[in-house]
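Dumped coords-v1.cif below, it's mmCIF, C-alpha atoms:
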data_my_file
#
loop_
_atom_site.label_atom_id
_atom_site.label_comp_id
_atom_site.auth_asym_id
_atom_site.auth_seq_id
_atom_site.Cartn_x
_atom_site.Cartn_y
_atom_site.Cartn_z
CA MET R 18 -49.09 -20.37 28.20
CA THR R 19 -45.46 -20.18 27.05
CA ILE R 20 -42.21 -19.97 29.00
CA SER R 21 -40.70 -16.49 29.24
CA LEU R 22 -37.11 -16.40 28.00
CA VAL R 23 -36.51 -13.45 30.32
CA ASP R 24 -37.44 -15.73 33.24
CA VAL R 25 -35.24 -18.48 31.77
CA ALA R 26 -32.24 -16.13 31.85
CA LYS R 27 -33.19 -14.80 35.28
CA TYR R 28 -33.36 -18.22 36.92
CA TYR R 29 -30.58 -19.96 34.97
CA SER R 30 -28.06 -21.46 37.40
CA GLY R 31 -26.08 -23.77 35.14
CA VAL R 32 -27.46 -27.07 36.40
CA ASN R 33 -27.41 -29.99 33.97
CA HIS R 34 -31.13 -30.15 33.14
CA GLN R 35 -31.15 -26.40 32.34
CA LYS R 36 -28.15 -26.81 30.01
CA GLN R 37 -29.85 -29.73 28.25
CA ALA R 38 -33.05 -27.70 27.76
CA LEU R 39 -31.17 -24.72 26.31
CA LEU R 40 -29.07 -26.93 24.03
CA ARG R 41 -32.22 -28.60 22.74
CA LEU R 42 -33.84 -25.21 22.12
CA GLN R 43 -30.76 -24.02 20.23
CA GLN R 44 -30.78 -27.18 18.08
CA GLN R 45 -34.41 -26.56 17.17
CA ILE R 46 -33.74 -22.90 16.30
CA ASP R 47 -30.65 -23.86 14.25
CA SER R 48 -32.65 -26.43 12.28
CA THR R 49 -35.64 -24.19 11.56
CA ASN R 50 -34.34 -20.59 11.44
CA SER R 51 -30.63 -20.32 12.23
CA ALA R 52 -30.62 -16.62 11.27
CA LEU R 53 -32.37 -15.83 14.56
CA LEU R 54 -29.15 -16.56 16.46
CA ALA R 55 -26.62 -15.50 13.83
CA ASP R 56 -23.75 -13.29 14.89
CA ASP R 57 -25.26 -10.36 12.97
CA SER R 58 -28.85 -10.99 14.06
CA GLU R 59 -31.02 -8.43 15.83
CA PHE R 60 -31.01 -10.68 18.92
CA ALA R 61 -27.19 -10.67 19.02
CA ARG R 62 -27.06 -6.90 18.54
CA LEU R 63 -29.57 -6.23 21.33
CA TRP R 64 -28.01 -8.78 23.68
CA ARG R 65 -24.58 -7.19 23.22
CA ASN R 66 -26.05 -3.70 23.52
CA GLN R 67 -24.65 -2.78 20.12
CA VAL R 68 -25.65 0.47 18.48
CA VAL R 69 -27.14 0.66 15.00
CA VAL R 70 -24.84 2.74 12.80
CA ASN R 71 -26.18 4.23 9.59
CA SER R 72 -24.33 2.66 6.65
CA ASP R 73 -23.10 6.11 5.54
CA PHE R 74 -21.23 6.42 8.85
CA LEU R 75 -20.17 2.80 9.35
CA ILE R 76 -16.49 1.88 9.71
CA THR R 77 -15.74 -1.67 8.57
CA SER R 78 -12.72 -3.63 7.39
CA ASP R 79 -13.85 -2.73 3.85
CA GLY R 80 -13.89 1.03 4.26
CA ILE R 81 -15.71 4.02 5.74
CA GLY R 82 -19.28 4.61 4.64
CA PRO R 83 -19.54 4.39 0.84
CA ALA R 84 -15.74 4.78 0.43
CA LYS R 85 -14.21 1.33 -0.02
CA ILE R 86 -10.58 0.32 0.41
CA GLY R 87 -8.95 -0.68 -2.88
CA ASP R 88 -11.36 1.30 -5.04
CA THR R 89 -9.90 4.02 -7.22
CA TYR R 90 -10.28 7.69 -6.44
CA GLY R 91 -12.72 7.97 -9.34
CA GLN R 92 -14.84 5.06 -8.09
CA ILE R 93 -14.99 6.52 -4.58
CA LYS R 94 -16.04 9.94 -5.88
CA GLN R 95 -18.79 8.29 -7.90
CA ALA R 96 -19.97 6.24 -4.89
CA LEU R 97 -20.06 9.30 -2.63
CA GLY R 98 -21.99 11.49 -5.03
CA ALA R 99 -23.05 15.11 -4.75
CA ASP R 100 -23.33 15.21 -0.94
CA TYR R 101 -19.54 15.37 -0.61
CA SER R 102 -16.78 17.75 -1.68
CA PHE R 103 -13.03 17.25 -1.90
CA ILE R 104 -10.03 19.33 -0.80
CA ASP R 105 -6.39 18.51 -1.50
CA GLU R 106 -4.16 17.99 1.57
CA PRO R 107 -0.70 17.56 -0.01
CA SER R 108 1.15 17.31 3.34
CA PHE R 109 -1.25 15.17 5.34
CA MET R 110 1.65 13.63 7.27
CA VAL R 111 5.23 12.61 6.56
CA ASP R 112 5.42 10.83 3.18
CA LEU R 113 1.63 10.86 2.77
CA SER R 114 -0.77 13.13 0.96
CA ALA R 115 -4.56 13.03 1.21
CA ILE R 116 -7.85 14.26 -0.10
CA ALA R 117 -10.06 15.63 2.68
CA VAL R 118 -13.63 14.48 2.03
CA LEU R 119 -16.16 16.99 3.38
CA ARG R 120 -19.83 16.48 4.06
CA GLU R 121 -22.66 18.80 5.08
CA GLY R 122 -24.44 18.36 8.39
CA ILE R 123 -21.83 16.41 10.39
CA SER R 124 -20.45 19.26 12.49
CA ALA R 125 -23.48 19.78 14.77
CA PRO R 126 -24.25 22.11 16.47
CA PHE R 127 -22.25 24.12 13.93
CA GLY R 128 -23.45 24.57 10.39
CA GLY R 129 -21.59 24.01 7.15
CA GLN R 130 -19.34 21.24 5.98
CA ALA R 131 -16.86 19.24 8.05
CA VAL R 132 -14.22 16.66 7.20
CA ALA R 133 -15.76 13.20 7.14
CA PHE R 134 -12.55 11.30 6.39
CA TYR R 135 -9.33 11.41 4.39
CA LEU R 136 -8.37 9.40 1.30
CA VAL R 137 -4.63 8.86 1.72
CA TYR R 138 -2.01 8.14 -0.94
CA ASN R 139 1.78 8.30 -1.29
CA GLU R 140 3.23 11.80 -1.28
CA GLY R 141 4.76 12.61 -4.64
CA ASP R 142 2.63 10.14 -6.57
CA PRO R 143 0.27 11.73 -9.10
CA LEU R 144 -3.38 11.43 -8.01
CA THR R 145 -5.76 10.55 -10.85
CA ASP R 146 -9.18 8.96 -11.03
CA SER R 147 -7.44 5.62 -11.58
CA THR R 148 -5.32 5.84 -8.39
CA PRO R 149 -6.29 3.07 -5.92
CA ILE R 150 -6.96 4.26 -2.36
CA ASN R 151 -5.51 1.88 0.23
CA LEU R 152 -5.78 3.99 3.37
CA ILE R 153 -8.81 5.88 4.67
CA VAL R 154 -8.56 7.83 7.94
CA THR R 155 -11.27 9.47 10.02
CA SER R 156 -11.14 11.73 13.06
CA ASN R 157 -14.86 12.46 12.96
CA PRO R 158 -16.85 11.03 15.92
CA ASN R 159 -19.91 10.54 13.70
CA TYR R 160 -18.14 7.54 12.17
CA GLN R 161 -18.22 4.30 14.18
CA THR R 162 -17.81 0.56 13.90
CA ALA R 163 -20.82 -1.72 14.36
CA GLU R 164 -19.92 -1.89 18.06
CA GLY R 165 -20.09 1.91 18.38
CA THR R 166 -16.31 2.44 18.51
CA GLY R 167 -14.78 5.41 16.75
CA PRO R 168 -12.96 8.72 17.28
CA GLY R 169 -13.72 9.95 20.80
CA THR R 170 -14.44 6.50 22.24
CA LEU R 171 -12.77 5.95 25.61
CA LEU R 172 -10.28 3.09 25.56
CA ALA R 173 -12.07 1.54 28.54
CA ASN R 174 -15.20 1.22 26.40
CA ALA R 175 -13.26 -0.15 23.43
CA VAL R 176 -11.76 -2.83 25.69
CA ARG R 177 -15.27 -3.84 26.68
CA ASP R 178 -16.12 -4.41 23.01
CA TYR R 179 -12.84 -5.82 21.69
CA GLY R 180 -10.98 -7.37 24.63
CA LYS R 181 -7.40 -7.01 25.83
CA ILE R 182 -5.59 -3.92 24.58
CA THR R 183 -1.97 -3.36 23.58
CA LEU R 184 -0.68 0.16 22.97
CA GLY R 185 2.58 0.98 21.28
CA PHE R 186 4.65 3.53 19.38
CA ASN R 187 7.95 3.59 17.55
CA THR R 188 10.23 6.60 17.89
CA GLN R 189 11.41 5.98 14.31
CA ALA R 190 7.83 6.33 13.01
CA GLU R 191 7.08 9.80 14.40
CA SER R 192 6.04 8.19 17.72
CA ARG R 193 2.49 7.68 16.42
CA GLU R 194 0.71 5.68 19.09
CA PHE R 195 -1.81 3.01 18.15
CA ALA R 196 -3.91 0.50 20.06
CA SER R 197 -4.65 -3.05 19.00
CA PHE R 198 -7.23 -5.32 20.59
CA GLU R 199 -7.54 -9.04 21.18
CA ARG R 200 -10.76 -9.17 19.11
CA GLY R 201 -10.24 -6.03 17.05
CA PRO R 202 -11.66 -5.84 13.51
CA ALA R 203 -9.27 -6.80 10.73
CA ARG R 204 -7.50 -3.99 8.83
CA LEU R 205 -8.48 -1.34 11.39
CA ASP R 206 -5.83 0.66 13.26
CA PHE R 207 -6.84 2.81 16.23
CA ARG R 208 -4.71 5.89 16.88
CA THR R 209 -4.89 7.06 20.48
CA GLU R 210 -4.54 10.12 22.71
CA ALA R 211 -4.97 11.23 26.32
CA LEU R 212 -6.06 14.72 27.37
CA THR R 213 -3.62 15.02 30.25
CA HIS R 214 -0.62 12.99 29.02
CA GLY R 215 1.65 12.81 26.01
CA PHE R 216 0.46 9.27 25.24
CA ALA R 217 -2.66 7.27 26.00
CA GLY R 218 -0.58 4.36 27.27
CA ASP R 219 1.21 4.35 30.59
CA TYR R 220 4.75 3.28 29.73
CA SER R 221 5.99 3.71 33.31
CA VAL R 222 4.47 0.43 34.51
CA PRO R 223 6.93 -2.41 35.25
CA ASP R 224 5.89 -4.69 32.37
CA ALA R 225 6.06 -2.00 29.68
CA ILE R 226 8.58 -2.27 26.85
CA ARG R 227 10.66 0.88 26.51
CA GLY R 228 13.20 1.99 23.97
CA GLU R 229 12.92 2.66 20.24
CA PHE R 230 9.79 0.50 20.24
CA ASN R 231 7.49 1.02 23.23
CA GLN R 232 4.57 -1.15 24.30
CA THR R 233 2.15 -1.39 27.24
CA SER R 234 -1.28 -2.68 28.16
CA ALA R 235 -1.85 0.07 30.76
CA PHE R 236 -3.62 3.28 29.80
CA PHE R 237 -4.82 6.46 31.47
CA GLU R 238 -8.43 6.94 32.53
CA ASN R 239 -9.16 9.69 30.00
CA ALA R 240 -7.38 7.94 27.11
CA SER R 241 -9.43 7.63 23.95
CA ILE R 242 -9.33 6.83 20.25
CA SER R 243 -8.40 9.87 18.17
CA GLN R 244 -8.45 8.36 14.67
CA VAL R 245 -9.49 5.15 12.94
CA TRP R 246 -7.37 4.00 10.00
CA VAL R 247 -8.80 1.50 7.52
CA ARG R 248 -6.01 0.04 5.46
CA GLY R 249 -5.48 -2.26 2.53
CA ASP R 250 -1.97 -2.36 1.18
CA ARG R 251 -0.17 0.34 3.12
CA PRO R 252 0.67 3.45 1.07
#
Produce structure tokens that represent the structure in this file.
Amino acid sequence: MTISLVDVAKYYSGVNHQKQALLRLQQQIDSTNSALLADDSEFARLWRNQVVVNSDFLITSDGIGPAKIGDTYGQIKQALGADYSFIDEPSFMVDLSAIAVLREGISAPFGGQAVAFYLVYNEGDPLTDSTPINLIVTSNPNYQTAEGTGPGTLLANAVRDYGKITLGFNTQAESREFASFERGPARLDFRTEALTHGFAGDYSVPDAIRGEFNQTSAFFENASISQVWVRGDRP
């Protein structure tokens, strides 16, 4: 008969002999099969209640799905293949142009193609197959990080995954509001919104910074992520 690890967790109270037993078990696992407790192991994913995101829809510090930051436009088109189509968006936002990348089957329950993400480059620069792409933006809720965070995720849930939040916007940068997190993934920017307010952050609280640059850690209950930006060198 073996000891149930579920019972071990259930009856763990932090006393010294229990700590010693668990430390000894971890040493034995580390010496024989350390992958079992690795940060990216199945155990870690299940313990943290992390979702499994299909690689085609995975947002990482390296890119979105098969589209990788720093690759050229030609390389990204080749990596995406025939399942995707491309539409020019010359005025994506101030000073930036983009290629809207469309994919079939991601607009359920509606048929047809929908925008998967945008390949962003400097407005006015010629776009060729040799142009490096250093900003990829998605507003599509099908695309998520390994923790299940993406467009449409409530900020309260993102805080659970990534820790303390700071929201901010600069009036000299079109007042685009972004959130950063204590343990947020590198090279990912989270643009934010709230259904019932102009901003996701509550800048009326006493400890908020107000002026040209505005910052707060308070946010409204219905505040969520509207876009995820994956960036290399900023366009």
Go ahead and find all residues with at least one atom no further than 7 Å from (-13.1, 9.3, 16.5) in the file's coordinates, using all atoms listed in the file; report them as an mmCIF file with C-alpha atoms, keeping the file's coordinate frame.
data_model
loop_
_atom_site.group_PDB
_atom_site.id
_atom_site.type_symbol
_atom_site.label_atom_id
_atom_site.label_comp_id
_atom_site.auth_asym_id
_atom_site.auth_seq_id
_atom_site.Cartn_x
_atom_site.Cartn_y
_atom_site.Cartn_z
ATOM 1 C CA THR R 155 -11.270 9.470 10.020
ATOM 2 C CA SER R 156 -11.140 11.730 13.060
ATOM 3 C CA ASN R 157 -14.860 12.460 12.960
ATOM 4 C CA PRO R 158 -16.850 11.030 15.920
ATOM 5 C CA TYR R 160 -18.140 7.540 12.170
ATOM 6 C CA GLY R 167 -14.780 5.410 16.750
ATOM 7 C CA PRO R 168 -12.960 8.720 17.280
ATOM 8 C CA GLY R 169 -13.720 9.950 20.800
ATOM 9 C CA THR R 170 -14.440 6.500 22.240
ATOM 10 C CA ILE R 242 -9.330 6.830 20.250
ATOM 11 C CA SER R 243 -8.400 9.870 18.170
ATOM 12 C CA GLN R 244 -8.450 8.360 14.670
ATOM 13 C CA VAL R 245 -9.490 5.150 12.940
#
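The nearest approach to R:Lys94 among the residues R:Thr213, R:Glu199, R:Phe236, R:Leu119, with only C-alpha atoms taken into account, belongs to R:Leu119.
Atom to atom, atom CA of R:Phe186 and atom CA of R:Asn151 stand 21.7 Å apart.
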Among listed residues R:Val70, R:Leu54, R:Ile20, R:Ala225, nearest R:Gln161 (using all atoms listed in the file): R:Val70
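For the choices R:Arg120, R:Lys36, R:Lys181, R:Lys85, the atom-to-atom distance to R:Thr233 is smallest for R:Lys181 when using all atoms listed in the file.
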- prompt: Within 12 Å of R:Ile226, counting all atoms listed in the file, which residues qualify if same-chain residues fewer than 5 places away don't, as a PyMOL selection string?
  reply: chain R and resi 183-187+218-221+231-235
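What separates atom CA of R:Glu106 from atom CA of R:Ala203 is a distance of 26.9 Å.
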task: Name the residues in contact with R:Phe74 at a cut-off of 9 Å, using only C-alpha atoms, excluding same-chain residues fewer than 6 positions from it; report them as a ChimeraX atom specification.
output: /R:81-83,133,159-162
message: Taking 4 positions as the minimum chain separation for residues in the same chain, which residues sit within 9 Å of R:Arg200 when counting only C-alpha atoms? Answer as a list of chain:residue names.
response: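 Counting only the stated atoms, we get R:Asp178, R:Tyr179, R:Gly180, R:Lys181.
Here the PyMOL selection byres ((chain R and resi 144) around 12) captures the residues R:Thr89, R:Tyr90, R:Gly91, R:Asp105, R:Glu106, R:Pro107, R:Leu113, R:Ser114, R:Ala115, R:Ile116, R:Leu136, R:Val137, R:Tyr138, R:Asn139, R:Glu140, R:Gly141, R:Asp142, R:Pro143, R:Thr145, R:Asp146, R:Ser147, R:Thr148, R:Pro149, R:Ile150.
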- request: Name the residues within 6 Å of (13.1, 3.2, 20.0), counting only C-alpha atoms in the file's coordinates, and put them as a ChimeraX atom specification.
  value: /R:187-188,228-230
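Across the model, the gap from atom CA of R:Thr166 to atom CA of R:Ala240 is 13.6 Å.
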What are the centre and edge lengths in Å, to one decimal, of the axis-aligned box around all listed atoms of stretch 37-55 of chain R with 8 Å added on each side, as JSON?
{"center_x": -31.1, "center_y": -22.6, "center_z": 19.8, "size_x": 25.0, "size_y": 30.2, "size_z": 33.0}
field: Expected selection from the PyMOL selection byres ((chain R and resi 247) around 7), given as a list in words
entry: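 With the PyMOL selection byres ((chain R and resi 247) around 7) on this model, the match is Ser78, Gly80, Leu152, Ile153, Val154, Arg204, Leu205, Asp206, Val245, Trp246 and Arg248 of chain R.
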- prompt: Between R:Ala55, R:Ile76, R:Leu22, R:Val132, which has the minimum distance to R:Ala117 (counting all atoms listed in the file)?
  reply: R:Val132
- request: For each of R:Phe134, R:Thr77, R:Leu53, R:Gln189, take the minimum atom-to-atom distance to R:Val111, counting all atoms listed in the file, then give the residue where this is smallest.
  value: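 Result for the nearest residue to R:Val111: R:Gln189.
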task: For R:Leu212, list every protein, DNA or RNA residue within 10 Å, evaluated using all atoms listed in the file, and leave out those in the same chain fewer than 4 positions away; present the list as a list of chain:residue names.
output: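 Contacts, with the query itself left out: R:Phe216, R:Ala217, R:Phe237, R:Glu238, R:Asn239, R:Ala240, R:Ser241.
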task: Identify which of the residues R:Arg193, R:Arg41, R:Arg227, R:Arg208 lies closest to R:Leu172, counting only C-alpha atoms when measuring atom-to-atom distances.
output: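 Closest to R:Leu172 of all the choices is R:Arg208.
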